[in-house]
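Below is one structure, written out as structure tokens; comments come after it.
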There are 2 protein chains.
Amino acid sequence: MTGVLTVVGLGPGDARWLTPAASEALASATDLVGYGPYVDRVPGTPGQGRHSSDNRVEVDRARFALDLAARGARVAVVSGGDPGVFAMAAAVFEAVENGDPAWRNLDIRVEPGITAMLAAAARVGAPLGGDFCVMSLSDNLKPWEVVEARLRAAVAADFVVALYNPISSARPWQLGAAFKIVSEIRAPDTPVILARAVGRPDERIRTEPLSQVEAASADMSTIVIIGASTTRLIGRAEGEAPYVYTPRFYGVRP
Amino acid sequence: MTGVLTVVGLGPGDARWLTPAASEALASATDLVGYGPYVDRVPGTPGQGRHSSDNRVEVDRARFALDLAARGARVAVVSGGDPGVFAMAAAVFEAVENGDPAWRNLDIRVEPGITAMLAAAARVGAPLGGDFCVMSLSDNLKPWEVVEARLRAAVAADFVVALYNPISSARPWQLGAAFKIVSEIRAPDTPVILARAVGRPDERIRTEPLSQVEAASADMSTIVIIGASTTRLIGRAEGEAPYVYTPRFYGVRP
């Protein structure tokens, strides 16, 4: 079998964050497979097949891509951000494990990308400068009790917390519940960053104290970063957003 | 003040992982500042100042760069991986907070990069496909008790765990102690990935069961990823490394 399947991370919206390695993988593919808006971001090359699908059909999309590769195609599965972080790579391997045994012998690669939390953090300073935990707040694929237990554990151990998939029309209350859990442990002035559509024309980023942040300020395109007890704001001139960072040291400054 | 300071992420070793935005920031800088081996990775442009320094003098290096920018230079502080993840960005903001008040009004930017865990994960499959925690195992900047408490909390809550700075000649026992803590909670067959020098010619990546992994197999250039209870291996043909991935779902497959 000579097919190749590469799961390619496009990074956040800005094409200047697409790595040269990812660009090459896209340009050399015979077929692009992915969620429509991601496929639309790829310029494409003559003769290249373009297979767009809806969101939330990740494993079906993965099977389709594996089947194409098994027929000898050079397939790029396009993914936002980094494919390994709450994106298409795990779906592809789920499909491999549970699908045609021949798929295990395909050449399957993952091409990393800038995941949204890194771009969001970069916009405000260095809030991920200390130890941090990364969670999907969606309870579509795991019970809410697991989400809640992990969030409590992360906050109690004073990790910075980055939340993907914080809210959607089908999951309207979870982010508010998460802020409530965090408020039981963290101080009211803990900085919370809401970074929406980072790298896209409609980017909007704000930092608010935990006591004032509202879940309704986030949407499906938002990454939420909740500071640790050590996360700090550096005030700047009038009208400028403060820098937000988490020092590398913990406890007494060395 | 017209100076600009950009903390630029070079990504892991492979230049094909350097984003176009990072390349632009490097090319337009009047001065490059950084740890010698990182500065050496940048091709440079005519007339550009190159200021290399030793490792472990991050805040001094940050102050030097801020002072240059305050004199009107366009400075790029080069950082491996992503500058916001256990790299130079937090050191720059520490220097800003505790330094010359005029530095707060400089134009300070962070240009994100592919951080090592993303590249390491991509090489083996999708081990970061579920919720995960990211820690520096160094106790140079925080007490070992904090490292240990965070690691226990992360493992008990069944996060995947990515460890940066796992071992060095000055910190020889910490990684072994970490594996011991994890072994008290996780199963002996939990996959542990040791990814050394990802993207460099001397790259070496192996996956071993927790019961057999040895701290001596890691060095300063290694990223360690410890699977969650759900992390799985997909066996392949004789002689091929297995794929490693963490499914998105938790508990009963939906």
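We name chains A, B, ... following the order of the structure tokens; residues begin at 1 in each chain, and ligands are numbered from 1 as shown.
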Could you list the residues in chain B lying within 6 Å of chain A, using only C-alpha atoms, and format the result as a PyMOL selection string? chain B and resi 16-17+19-21+84-86+89-90+104+110+112+114+119+122+126+128-129+131-135+141-142+150+153+157+236+247+249-250
Strand (DSSP E) call set, DSSP backbone run, region 7-108 of chain A, as a ChimeraX atom specification: /A:7-9,31-35,49-53,74-79,107-108
I need the chosen residues saved as a short mmCIF file (atom, residue, chain, number, x, y, z; two decimals), in the first residue's frame, with all heavy atoms.
```cif
data_model
loop_
_atom_site.label_atom_id
_atom_site.label_comp_id
_atom_site.auth_asym_id
_atom_site.auth_seq_id
_atom_site.Cartn_x
_atom_site.Cartn_y
_atom_site.Cartn_z
N VAL A 7 -2.10 14.35 8.78
CA VAL A 7 -3.04 15.24 9.47
C VAL A 7 -2.29 16.55 9.68
O VAL A 7 -1.27 16.58 10.37
CB VAL A 7 -3.51 14.66 10.81
CG1 VAL A 7 -4.74 15.42 11.29
CG2 VAL A 7 -3.81 13.18 10.70
N VAL A 8 -2.78 17.60 9.05
CA VAL A 8 -2.02 18.85 8.97
C VAL A 8 -2.65 19.94 9.82
O VAL A 8 -3.83 20.27 9.67
CB VAL A 8 -1.96 19.34 7.50
CG1 VAL A 8 -1.16 20.64 7.40
CG2 VAL A 8 -1.35 18.27 6.60
N GLY A 9 -1.85 20.53 10.69
CA GLY A 9 -2.32 21.65 11.52
C GLY A 9 -2.17 22.97 10.79
O GLY A 9 -1.07 23.34 10.39
N ASP A 31 -5.35 14.93 -2.33
CA ASP A 31 -6.69 15.16 -1.81
C ASP A 31 -6.65 15.86 -0.46
O ASP A 31 -5.86 15.48 0.40
CB ASP A 31 -7.43 13.82 -1.64
CG ASP A 31 -7.67 13.10 -2.97
OD1 ASP A 31 -6.76 12.38 -3.41
OD2 ASP A 31 -8.74 13.30 -3.55
N LEU A 32 -7.53 16.85 -0.32
CA LEU A 32 -7.70 17.52 0.97
C LEU A 32 -9.02 17.07 1.57
O LEU A 32 -10.04 17.06 0.86
CB LEU A 32 -7.75 19.05 0.80
CG LEU A 32 -6.57 19.73 0.13
CD1 LEU A 32 -6.83 21.24 0.05
CD2 LEU A 32 -5.29 19.46 0.91
N VAL A 33 -9.00 16.73 2.84
CA VAL A 33 -10.22 16.29 3.52
C VAL A 33 -10.35 17.11 4.80
O VAL A 33 -9.37 17.26 5.54
CB VAL A 33 -10.14 14.79 3.88
CG1 VAL A 33 -11.37 14.36 4.68
CG2 VAL A 33 -10.01 13.94 2.62
N GLY A 34 -11.54 17.64 5.08
CA GLY A 34 -11.69 18.36 6.34
C GLY A 34 -13.01 19.10 6.47
O GLY A 34 -13.83 19.11 5.55
N TYR A 35 -13.15 19.69 7.61
CA TYR A 35 -14.30 20.56 7.88
C TYR A 35 -14.23 21.74 6.91
O TYR A 35 -13.16 22.32 6.69
CB TYR A 35 -14.18 21.00 9.35
CG TYR A 35 -15.18 22.02 9.83
CD1 TYR A 35 -16.54 21.89 9.57
CD2 TYR A 35 -14.76 23.11 10.59
CE1 TYR A 35 -17.45 22.82 10.04
CE2 TYR A 35 -15.67 24.04 11.09
CZ TYR A 35 -17.01 23.89 10.80
OH TYR A 35 -17.92 24.82 11.27
N GLY A 49 -8.10 17.02 -5.23
CA GLY A 49 -9.46 16.77 -4.78
C GLY A 49 -9.72 17.51 -3.47
O GLY A 49 -8.85 17.56 -2.61
N ARG A 50 -10.91 18.09 -3.35
CA ARG A 50 -11.24 18.82 -2.12
C ARG A 50 -12.53 18.24 -1.56
O ARG A 50 -13.57 18.30 -2.20
CB ARG A 50 -11.41 20.31 -2.43
CG ARG A 50 -10.11 20.94 -2.95
CD ARG A 50 -10.35 22.36 -3.45
NE ARG A 50 -10.49 23.31 -2.36
CZ ARG A 50 -9.47 23.97 -1.82
NH1 ARG A 50 -8.24 23.78 -2.26
NH2 ARG A 50 -9.67 24.82 -0.84
N HIS A 51 -12.45 17.69 -0.36
CA HIS A 51 -13.57 16.98 0.23
C HIS A 51 -13.94 17.64 1.56
O HIS A 51 -13.32 17.36 2.58
CB HIS A 51 -13.20 15.51 0.45
CG HIS A 51 -12.55 14.88 -0.75
ND1 HIS A 51 -13.27 14.32 -1.77
CD2 HIS A 51 -11.25 14.74 -1.10
CE1 HIS A 51 -12.44 13.84 -2.70
NE2 HIS A 51 -11.20 14.09 -2.32
N SER A 52 -14.94 18.51 1.51
CA SER A 52 -15.35 19.23 2.72
C SER A 52 -16.51 18.51 3.39
O SER A 52 -17.35 17.92 2.73
CB SER A 52 -15.82 20.64 2.36
OG SER A 52 -14.75 21.38 1.83
N SER A 53 -16.53 18.57 4.70
CA SER A 53 -17.66 17.96 5.42
C SER A 53 -18.06 18.86 6.57
O SER A 53 -17.37 19.81 6.91
CB SER A 53 -17.29 16.56 5.91
OG SER A 53 -16.12 16.61 6.70
N ARG A 74 -2.58 10.50 -1.79
CA ARG A 74 -1.74 11.22 -0.84
C ARG A 74 -2.67 12.25 -0.20
O ARG A 74 -2.92 13.31 -0.76
CB ARG A 74 -0.61 11.89 -1.62
CG ARG A 74 0.49 12.43 -0.78
CD ARG A 74 1.67 12.93 -1.63
NE ARG A 74 2.75 13.32 -0.77
CZ ARG A 74 3.69 12.49 -0.30
NH1 ARG A 74 3.72 11.24 -0.71
NH2 ARG A 74 4.60 12.92 0.53
N VAL A 75 -3.18 11.91 0.99
CA VAL A 75 -4.28 12.67 1.58
C VAL A 75 -3.77 13.62 2.66
O VAL A 75 -2.96 13.22 3.51
CB VAL A 75 -5.31 11.71 2.21
CG1 VAL A 75 -6.47 12.49 2.82
CG2 VAL A 75 -5.80 10.71 1.17
N ALA A 76 -4.23 14.85 2.64
CA ALA A 76 -4.01 15.76 3.77
C ALA A 76 -5.34 15.99 4.47
O ALA A 76 -6.29 16.49 3.86
CB ALA A 76 -3.43 17.09 3.29
N VAL A 77 -5.41 15.59 5.73
CA VAL A 77 -6.59 15.89 6.54
C VAL A 77 -6.30 17.22 7.22
O VAL A 77 -5.35 17.32 8.00
CB VAL A 77 -6.84 14.79 7.59
CG1 VAL A 77 -7.98 15.19 8.52
CG2 VAL A 77 -7.15 13.46 6.91
N VAL A 78 -7.07 18.25 6.90
CA VAL A 78 -6.76 19.58 7.45
C VAL A 78 -7.48 19.77 8.78
O VAL A 78 -8.61 19.35 8.97
CB VAL A 78 -7.09 20.71 6.47
CG1 VAL A 78 -6.26 20.58 5.21
CG2 VAL A 78 -8.56 20.73 6.12
N SER A 79 -6.79 20.42 9.68
CA SER A 79 -7.26 20.59 11.05
C SER A 79 -6.89 22.00 11.49
O SER A 79 -5.85 22.52 11.12
CB SER A 79 -6.54 19.54 11.91
OG SER A 79 -6.99 19.55 13.22
N ASP A 107 1.10 4.87 5.72
CA ASP A 107 2.04 5.85 6.24
C ASP A 107 1.22 7.03 6.77
O ASP A 107 0.74 7.85 6.00
CB ASP A 107 2.98 6.27 5.10
CG ASP A 107 4.05 7.25 5.54
OD1 ASP A 107 4.06 7.63 6.73
OD2 ASP A 107 4.87 7.62 4.69
N ILE A 108 1.02 7.07 8.09
CA ILE A 108 0.19 8.11 8.70
C ILE A 108 1.09 9.06 9.47
O ILE A 108 1.86 8.64 10.33
CB ILE A 108 -0.87 7.51 9.64
CG1 ILE A 108 -1.74 6.52 8.87
CG2 ILE A 108 -1.72 8.60 10.28
CD1 ILE A 108 -2.73 5.76 9.74
#
```
Excluding Ala177 (chain A) and residues on its chain fewer than 2 positions from it, collect all residues at most 12 Å away from it, counting only C-alpha atoms, and give them as a list in words. Leu137, Trp144, Glu145, Val147, Glu148, Leu151, Arg152, Pro166, Ile167, Arg171, Pro172, Trp173, Gln174, Leu175, Phe179, Lys180, Ile181, Val182, Ser183, Glu184, Glu214 and Ala215 of chain A
